[in-house]
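Have a look at the structure below before the remarks.
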Amino acid sequence: MTEGVNGMPGTPSEESEPDLARRRMLTATTAAVGAVGVALAATPFIESMEPSETARALGAPVIIDISKLQPKHMLITSWRRRPIYVLRRTESELKRLAALNGTLKDPLSKADQQPASLPGWNPIQRSIVPEYLVAVGICTHLGCMPKLHARVGDPLLGASWPGGYYCPCHGSRYDLAARVMDGSPAPLNLPVPPHFYRDEHTIVVGELSNGTEKNWEPNTW
Ligand code: FES
């Protein structure tokens, strides 16, 4: 299994008790900036994205070229200074998702971690085109970046590991639909941002095709 990028911020400070929301935002911002730097170095095929970095930082929609994204690979870009993961899943990975429902906190994506209306939305796969997961790569516990471990039974995570994301800060686990697993300190699934497919090779993140949801915010990120 190959991951496009393995960005990872530091563990949140334990020296004081800063306001949780402020700490989450600071961590998310740091993580996103780091992710972009690594992504540009390791995945040159996303350099064609528009608009400019400045516009993206201000929240403009991001255009992502997925034409070279291979199955089992992930690319990372940013939107609103947060990392955006685009994972291309295989047919067998998609088939395994429903069997995990009994081990997840929100298997049907009932919490507001995605826009209320996403045309084509599948709440188990958490996608509008099955093979592509588009998610905000910020752990809903305290804001670290979960790392992709797609391999079933990954030795680092044990024989029962179904494939998914693992947060190295405090051990939260998510499946390959970014649904949080029982026993994780993270309370919610990773956010899925507003997005649509401009064509089969191009995803626009930050709005829907009718121009709505530009100011969308999840319950937690
Ligand atoms: S930040 Fe604590 S488990 Fe991810």
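Letters A, B, ... go to the chains of the structure tokens in the order shown; residues in each chain start at 1; ligands are counted from 1 in the same order.
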query: When the cut-off is 9 Å and you count only C-alpha atoms and all ligand atoms, which residues lie near ligand 1, shown as a list in words?
result: Thr11, Pro12, Arg24, Ile138, Cys139, Thr140, His141, Leu142, Gly143, Cys144, Met145, Pro146, Tyr166, Cys167, Pro168, Cys169, His170, Gly171, Ser172, Arg173, Ser184, Pro185 and Ala186 of chain A
field: DSSP strand (DSSP E) selection over segment 69-163 of chain A, as a PyMOL selection string
entry: chain A and resi 74-79+82-88+132-136+147-149
For the residues selected in the previous step, produce a file with C-alpha atoms as a PDB file, in the first residue's frame.
```pdb
ATOM      1  CA  MET A  74      -4.101   9.272  -1.695  1.00  0.00           C
ATOM      2  CA  LEU A  75      -3.242  12.859  -2.448  1.00  0.00           C
ATOM      3  CA  ILE A  76      -3.331  15.747  -0.040  1.00  0.00           C
ATOM      4  CA  THR A  77      -4.074  19.353  -0.800  1.00  0.00           C
ATOM      5  CA  SER A  78      -5.527  22.166   1.283  1.00  0.00           C
ATOM      6  CA  TRP A  79      -8.699  24.186   1.564  1.00  0.00           C
ATOM      7  CA  ARG A  82      -6.884  22.533   6.294  1.00  0.00           C
ATOM      8  CA  PRO A  83      -5.608  19.343   4.689  1.00  0.00           C
ATOM      9  CA  ILE A  84      -7.937  17.676   2.218  1.00  0.00           C
ATOM     10  CA  TYR A  85      -7.451  13.974   1.630  1.00  0.00           C
ATOM     11  CA  VAL A  86      -8.522  12.426  -1.667  1.00  0.00           C
ATOM     12  CA  LEU A  87      -8.297   8.652  -1.469  1.00  0.00           C
ATOM     13  CA  ARG A  88      -9.020   6.359  -4.383  1.00  0.00           C
ATOM     14  CA  TYR A 132     -13.154   8.584  -4.176  1.00  0.00           C
ATOM     15  CA  LEU A 133     -13.208   9.638  -0.545  1.00  0.00           C
ATOM     16  CA  VAL A 134     -12.811  13.402  -0.111  1.00  0.00           C
ATOM     17  CA  ALA A 135     -12.309  14.296   3.545  1.00  0.00           C
ATOM     18  CA  VAL A 136     -10.771  16.911   5.796  1.00  0.00           C
ATOM     19  CA  LYS A 147      -2.334   8.697   8.798  1.00  0.00           C
ATOM     20  CA  LEU A 148      -3.504   6.275   6.125  1.00  0.00           C
ATOM     21  CA  HIS A 149      -3.015   2.577   6.917  1.00  0.00           C
TER      22      HIS A 149
END
```
message: At a cut-off of 8 Å, using only C-alpha atoms, what residues contact Leu94 of chain A? Leave out same-chain residues fewer than 5 positions from it and give the result as JSON, numbers by chain.
response: {"A": [89, 125, 130, 131]}
Would you save the residues of that selection, restricted to C-alpha atoms, as a tab-separated table (two decimals), in the first residue's frame?
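Writing done, so here's out_9.tsv:
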```tsv
chain	number	residue	atom	x	y	z
A	89	ARG	CA	-10.52	3.16	-2.99
A	125	GLN	CA	-19.09	5.08	1.75
A	130	PRO	CA	-17.92	5.59	-4.70
A	131	GLU	CA	-14.21	5.11	-5.31
```
task: Please run DSSP on the backbone and report, as a ChimeraX atom specification, all residues within segment 51-134 of chain A that come out as helix (DSSP H, G or I).
output: /A:53-57,91-103
Please produce an output containing N, CA and C atoms for each residue in the selection, written as an mmCIF file, in the first residue's frame.
```
data_model
loop_
_atom_site.group_PDB
_atom_site.id
_atom_site.type_symbol
_atom_site.label_atom_id
_atom_site.label_comp_id
_atom_site.auth_asym_id
_atom_site.auth_seq_id
_atom_site.Cartn_x
_atom_site.Cartn_y
_atom_site.Cartn_z
ATOM 1 N N GLU A 53 -2.486 30.174 -3.955
ATOM 2 C CA GLU A 53 -2.405 29.817 -2.531
ATOM 3 C C GLU A 53 -3.133 30.851 -1.677
ATOM 4 N N THR A 54 -2.972 32.107 -2.008
ATOM 5 C CA THR A 54 -3.609 33.150 -1.205
ATOM 6 C C THR A 54 -5.121 33.020 -1.247
ATOM 7 N N ALA A 55 -5.640 32.822 -2.454
ATOM 8 C CA ALA A 55 -7.099 32.681 -2.583
ATOM 9 C C ALA A 55 -7.593 31.446 -1.852
ATOM 10 N N ARG A 56 -6.808 30.384 -1.923
ATOM 11 C CA ARG A 56 -7.212 29.165 -1.218
ATOM 12 C C ARG A 56 -7.261 29.391 0.279
ATOM 13 N N ALA A 57 -6.246 30.107 0.785
ATOM 14 C CA ALA A 57 -6.205 30.354 2.226
ATOM 15 C C ALA A 57 -7.438 31.124 2.672
ATOM 16 N N GLU A 91 -12.666 -1.617 -5.320
ATOM 17 C CA GLU A 91 -13.974 -2.250 -5.180
ATOM 18 C C GLU A 91 -14.036 -3.097 -3.911
ATOM 19 N N SER A 92 -12.989 -3.848 -3.631
ATOM 20 C CA SER A 92 -13.003 -4.711 -2.440
ATOM 21 C C SER A 92 -12.995 -3.872 -1.162
ATOM 22 N N GLU A 93 -12.293 -2.761 -1.171
ATOM 23 C CA GLU A 93 -12.307 -1.882 0.001
ATOM 24 C C GLU A 93 -13.714 -1.328 0.238
ATOM 25 N N LEU A 94 -14.393 -0.973 -0.810
ATOM 26 C CA LEU A 94 -15.749 -0.443 -0.673
ATOM 27 C C LEU A 94 -16.706 -1.505 -0.142
ATOM 28 N N LYS A 95 -16.539 -2.724 -0.596
ATOM 29 C CA LYS A 95 -17.435 -3.802 -0.161
ATOM 30 C C LYS A 95 -17.286 -4.087 1.329
ATOM 31 N N ARG A 96 -16.118 -3.875 1.878
ATOM 32 C CA ARG A 96 -15.900 -4.184 3.303
ATOM 33 C C ARG A 96 -16.539 -3.158 4.233
ATOM 34 N N LEU A 97 -16.865 -1.986 3.734
ATOM 35 C CA LEU A 97 -17.292 -0.910 4.621
ATOM 36 C C LEU A 97 -18.569 -1.234 5.396
ATOM 37 N N ALA A 98 -19.575 -1.777 4.721
ATOM 38 C CA ALA A 98 -20.853 -2.017 5.398
ATOM 39 C C ALA A 98 -20.699 -2.990 6.557
ATOM 40 N N ALA A 99 -19.772 -3.931 6.433
ATOM 41 C CA ALA A 99 -19.585 -4.925 7.490
ATOM 42 C C ALA A 99 -19.009 -4.311 8.765
ATOM 43 N N LEU A 100 -18.508 -3.110 8.678
ATOM 44 C CA LEU A 100 -17.912 -2.460 9.853
ATOM 45 C C LEU A 100 -18.920 -1.648 10.649
ATOM 46 N N ASN A 101 -20.138 -1.522 10.161
ATOM 47 C CA ASN A 101 -21.089 -0.592 10.781
ATOM 48 C C ASN A 101 -21.266 -0.795 12.285
ATOM 49 N N GLY A 102 -21.220 -2.023 12.740
ATOM 50 C CA GLY A 102 -21.432 -2.299 14.160
ATOM 51 C C GLY A 102 -20.261 -1.926 15.044
ATOM 52 N N THR A 103 -19.174 -1.483 14.458
ATOM 53 C CA THR A 103 -17.980 -1.143 15.236
ATOM 54 C C THR A 103 -17.676 0.354 15.203
#
```
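Of the listed residues A:Ser109, A:Gly59, A:Pro123, A:Ile66, the one whose atoms come nearest to Glu200 of chain A is A:Ile66, with distances taken using only C-alpha atoms.
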